[in-house]
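Q: Below is one structure. I have some questions about it.
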Amino acid sequence: MEDKSVSIIIPVYNAESTLKRCIDSIIKQSYKQWTLILVNDGSTDDSQTICHNYEVRDNRILLLNKENGGVSSARNLGIRTAQTDYLIFVDSDDFLEKNCIENLLVGADCDISFINTARYSLDTETVCGMMTNIVENKCYKKLTGGVKSNDIFSAGIPFAKLYKTSIIKGHNICFDERIKNHEDHLFFFDYLLHCDSMYLCSEIGYYWTFRKNSNSLSHTIPSSRNMLIAAEGFMKRYPALFEHFNVYDQDYISRVTTEYGVGSYRSACYSLYYYKTPKIDRLTFLKEQVPVMRRLYNKYGYAPNNKKHKLIFIFLCLPIPVRIKDVLLSRVW
């Protein structure tokens, strides 16, 4: 196994409080044949110095410094730099279990490998549940057999996976630098379209960290433009994914499509009012996108857990003038 070379790509931006634990967890890996690519995305704290100190001490570590451009541009630079057989993405506030890379490489012959991810509270320094629920180690030589049963289409986070560099570079797969939400899920879907096999590892390999009162990206409201690009990206990819993996169960298709595709349209509409977008822009958005949302709602349905979201989406799809919708929605939000 030691002949398999792996690049770990970590985008770094103002991560001085968590960066050392993250890097140390990679240095301590049981598997040693790796290259760590640290992409400093214009940090203004001590992150660059921390990265530099590690680079000087370990020749497997490479530091790339760039102007701030967002996590997607940082990951894309890491991809372009990598010259190894496999890629792993890690976030700078997270960390790995000691055997993470070794366990992922058990599935090196497959097109993609997954490992369980645990939620880790930085407030209490304890594990607080799971983000994934892989129950057994299993290899699917035909990916069509495990997509639905393991709900693979919902596993859009970029980390806790082993990717083949040849697939990413061979098909020019990259992160969409125009958006800051769901860019990772769209990247994952683009990769899946070139997969025919996968390996699942039930061990915990990755710790996703969080704070109770966090201002991180995952706790912010994305822009309407961001969510519209994401929504269109999801809806463009779904038909090809369903065909590639022979998914014909209409209930499953409706749930998956609603989860991110249709739901992203609703989120785009929400952002219009959350950020108090000028009225003319709101009316233009409603005029252009409501017909699209109505077609999707009629085709797939829309049943989020939040009843308010469901009612608002149904209201959006009603055949009434957009000016009336704008007046009522501006009061709701």
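Chain labels A, B, ... are given in the sequence in which chains occur in the structure tokens; within each chain residues are numbered consecutively from 1, and ligands are likewise numbered from 1 in the order shown.
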Env of stretch 60-73 of chain A: 10 Å cut, atoms = only C-alpha atoms, seq-sep filter 5 positions within chain, self excluded. Answer as a ChimeraX atom specification.

A: /A:7-13,23,27,32-44,48,51-55,78-79,81,91,174-181,183-184,187

Q: At a cut-off of 8 Å, using only C-alpha atoms, what residues contact A:Leu96? Leave out same-chain residues fewer than 5 positions from it and give the result as an NGL selection string.

A: :A and (22 or 25-26 or 205-207)

Q: Ranking A:Val322, A:Ile50, A:Leu122, A:Met130 by minimum distance to A:Lys212 and counting only C-alpha atoms, which one comes first?

A: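 Among A:Val322, A:Ile50, A:Leu122, A:Met130, it is A:Leu122 that comes nearest to A:Lys212.
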
Q: For A:Tyr275, find every residue with an atom within 10 Å (counting only C-alpha atoms), except residues of its own chain fewer than 4 positions away, and show them as a list of chain:residue names.

A: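 Residues near the query, excluding close chain neighbours: A:Ile221, A:Pro222, A:Ser223, A:Ser224, A:Tyr270, A:Ser271, A:Trp333.
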
Q: Residues near stretch 305-314 of chain A, anyone? I mean within 9 Å using only C-alpha atoms, not counting same-chain ones fewer than 6 positions away, as a list in words.

A: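 The neighbour list is Gly263, Arg266, Met293, Arg294, Tyr297 and Leu329 of chain A.
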
Q: When distances are computed from only C-alpha atoms, which of A:Leu316, A:Glu203, A:Ile167, A:Ala230 shows the smallest separation from A:Ile134?

A: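 Using only C-alpha atoms, A:Ile134 sits closest to A:Glu203.
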
Q: Write down as a list of chain:residue names the residues of stretch 19-116 of chain A whose backbone DSSP state falls under strand (DSSP E).

A: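 Put together, the selection reads A:Trp34, A:Thr35, A:Leu36, A:Ile37, A:Leu38, A:Val39, A:Asn40, A:Asp41, A:Ile61, A:Leu62, A:Leu63, A:Leu64, A:Asn65, A:Lys66, A:Tyr86, A:Leu87, A:Ile88, A:Phe89, A:Phe95, A:Leu96, A:Ile112, A:Ser113, A:Phe114, A:Ile115, A:Asn116.
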
Q: Produce a file of the selected residues containing N, CA and C atoms, as an mmCIF file, in the first residue's frame.

A:
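Below you can see again_34.cif, which holds the result:
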data_model
loop_
_atom_site.group_PDB
_atom_site.id
_atom_site.type_symbol
_atom_site.label_atom_id
_atom_site.label_comp_id
_atom_site.auth_asym_id
_atom_site.auth_seq_id
_atom_site.Cartn_x
_atom_site.Cartn_y
_atom_site.Cartn_z
ATOM 1 N N TRP A 34 2.577 10.659 1.950
ATOM 2 C CA TRP A 34 1.660 11.740 1.610
ATOM 3 C C TRP A 34 2.411 13.041 1.390
ATOM 4 N N THR A 35 1.740 13.943 0.700
ATOM 5 C CA THR A 35 2.206 15.321 0.547
ATOM 6 C C THR A 35 1.094 16.226 1.054
ATOM 7 N N LEU A 36 1.447 17.144 1.934
ATOM 8 C CA LEU A 36 0.462 18.084 2.469
ATOM 9 C C LEU A 36 0.615 19.420 1.753
ATOM 10 N N ILE A 37 -0.444 19.842 1.077
ATOM 11 C CA ILE A 37 -0.440 21.119 0.369
ATOM 12 C C ILE A 37 -1.275 22.114 1.162
ATOM 13 N N LEU A 38 -0.603 23.062 1.794
ATOM 14 C CA LEU A 38 -1.274 24.115 2.558
ATOM 15 C C LEU A 38 -1.430 25.334 1.653
ATOM 16 N N VAL A 39 -2.657 25.741 1.413
ATOM 17 C CA VAL A 39 -2.916 26.893 0.538
ATOM 18 C C VAL A 39 -3.383 28.050 1.407
ATOM 19 N N ASN A 40 -2.464 28.967 1.689
ATOM 20 C CA ASN A 40 -2.794 30.128 2.505
ATOM 21 C C ASN A 40 -3.517 31.153 1.642
ATOM 22 N N ASP A 41 -4.800 31.326 1.920
ATOM 23 C CA ASP A 41 -5.662 32.162 1.080
ATOM 24 C C ASP A 41 -5.717 33.601 1.599
ATOM 25 N N ILE A 61 5.680 18.702 3.363
ATOM 26 C CA ILE A 61 4.705 19.795 3.467
ATOM 27 C C ILE A 61 5.092 20.923 2.523
ATOM 28 N N LEU A 62 4.123 21.386 1.738
ATOM 29 C CA LEU A 62 4.331 22.470 0.785
ATOM 30 C C LEU A 62 3.351 23.596 1.097
ATOM 31 N N LEU A 63 3.875 24.817 1.212
ATOM 32 C CA LEU A 63 3.036 25.990 1.477
ATOM 33 C C LEU A 63 2.904 26.824 0.209
ATOM 34 N N LEU A 64 1.660 27.116 -0.175
ATOM 35 C CA LEU A 64 1.368 28.005 -1.289
ATOM 36 C C LEU A 64 0.665 29.241 -0.741
ATOM 37 N N ASN A 65 1.174 30.418 -1.064
ATOM 38 C CA ASN A 65 0.550 31.656 -0.620
ATOM 39 C C ASN A 65 -0.128 32.347 -1.803
ATOM 40 N N LYS A 66 -1.352 32.814 -1.591
ATOM 41 C CA LYS A 66 -2.088 33.502 -2.646
ATOM 42 C C LYS A 66 -2.934 34.612 -2.041
ATOM 43 N N TYR A 86 -3.646 10.156 -5.522
ATOM 44 C CA TYR A 86 -4.934 10.398 -4.862
ATOM 45 C C TYR A 86 -4.950 11.770 -4.195
ATOM 46 N N LEU A 87 -6.173 12.267 -3.972
ATOM 47 C CA LEU A 87 -6.365 13.552 -3.301
ATOM 48 C C LEU A 87 -7.323 13.389 -2.127
ATOM 49 N N ILE A 88 -7.035 14.106 -1.055
ATOM 50 C CA ILE A 88 -7.935 14.206 0.090
ATOM 51 C C ILE A 88 -8.067 15.687 0.440
ATOM 52 N N PHE A 89 -9.278 16.136 0.707
ATOM 53 C CA PHE A 89 -9.506 17.517 1.131
ATOM 54 C C PHE A 89 -9.777 17.547 2.627
ATOM 55 N N PHE A 95 -9.855 17.833 11.920
ATOM 56 C CA PHE A 95 -8.680 16.982 12.097
ATOM 57 C C PHE A 95 -9.038 15.530 11.812
ATOM 58 N N LEU A 96 -7.996 14.698 11.628
ATOM 59 C CA LEU A 96 -8.171 13.304 11.218
ATOM 60 C C LEU A 96 -7.853 12.331 12.342
ATOM 61 N N ILE A 112 -13.765 5.910 -5.751
ATOM 62 C CA ILE A 112 -13.891 6.834 -4.625
ATOM 63 C C ILE A 112 -14.050 6.029 -3.344
ATOM 64 N N SER A 113 -13.489 6.549 -2.251
ATOM 65 C CA SER A 113 -13.622 5.915 -0.942
ATOM 66 C C SER A 113 -14.228 6.907 0.042
ATOM 67 N N PHE A 114 -15.082 6.408 0.934
ATOM 68 C CA PHE A 114 -15.724 7.220 1.960
ATOM 69 C C PHE A 114 -15.349 6.684 3.338
ATOM 70 N N ILE A 115 -15.275 7.588 4.330
ATOM 71 C CA ILE A 115 -15.059 7.179 5.711
ATOM 72 C C ILE A 115 -15.977 8.012 6.601
ATOM 73 N N ASN A 116 -16.384 7.460 7.726
ATOM 74 C CA ASN A 116 -17.333 8.147 8.603
ATOM 75 C C ASN A 116 -16.768 9.452 9.170
#

Q: My list of candidates is A:Ser5, A:Ser17, A:Thr277, A:Gln250. Which is closest to A:Asp93 when distances are computed with only C-alpha atoms?

A: A:Ser17

Q: Using only C-alpha atoms, which of the listed residues (A:Gly301, A:Pro291, A:Leu104, A:Thr144) sits closest to A:Pro321?

A: A:Pro291

Q: Write out as a count of residues only the residues lying within 9 Å of A:Thr165, counting only C-alpha atoms and excluding same-chain residues fewer than 3 positions away.

A: 10

Q: Could you state the separation of atom CA of A:Cys110 and atom CA of A:Ser202 in Å, given to one decimal place?

A: 16.1 Å

Q: If we count only C-alpha atoms and set the cut-off at 10 Å, which residues sit around stretch 149-157 of chain A, ignoring sequence neighbours fewer than 3 positions away in its own chain? Please answer as an NGL selection string.

A: :A and (89 or 114 or 131-135 or 143-146 or 160-161 or 182-189 or 192 or 200 or 238 or 241-242 or 252 or 256-257 or 259-260)

Q: Taking 2 positions as the minimum chain separation for residues in the same chain, which residues sit within 8 Å of A:Arg119 when counting only C-alpha atoms? Answer as a ChimeraX atom specification.

A: /A:117,121,127-131,207-210

Q: Write down as a ChimeraX atom specification the residues belonging to stretch 103-263 of chain A that are assigned alpha helix (DSSP H) by DSSP computed on the backbone.

A: /A:103-104,165-170,183-192,224-244,250-256,263

Q: Report the distance between atom CA of A:Cys100 and atom CA of A:Thr49 in Å, rounded to one decimal place.

A: 26.6 Å

Q: Would you please work out which residue, of A:Val247, A:Leu193, A:Tyr31, A:Ala240, is nearest to A:Lys4 when using only C-alpha atoms?

A: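 Between A:Val247, A:Leu193, A:Tyr31, A:Ala240, the residue approaching A:Lys4 most closely is A:Tyr31.
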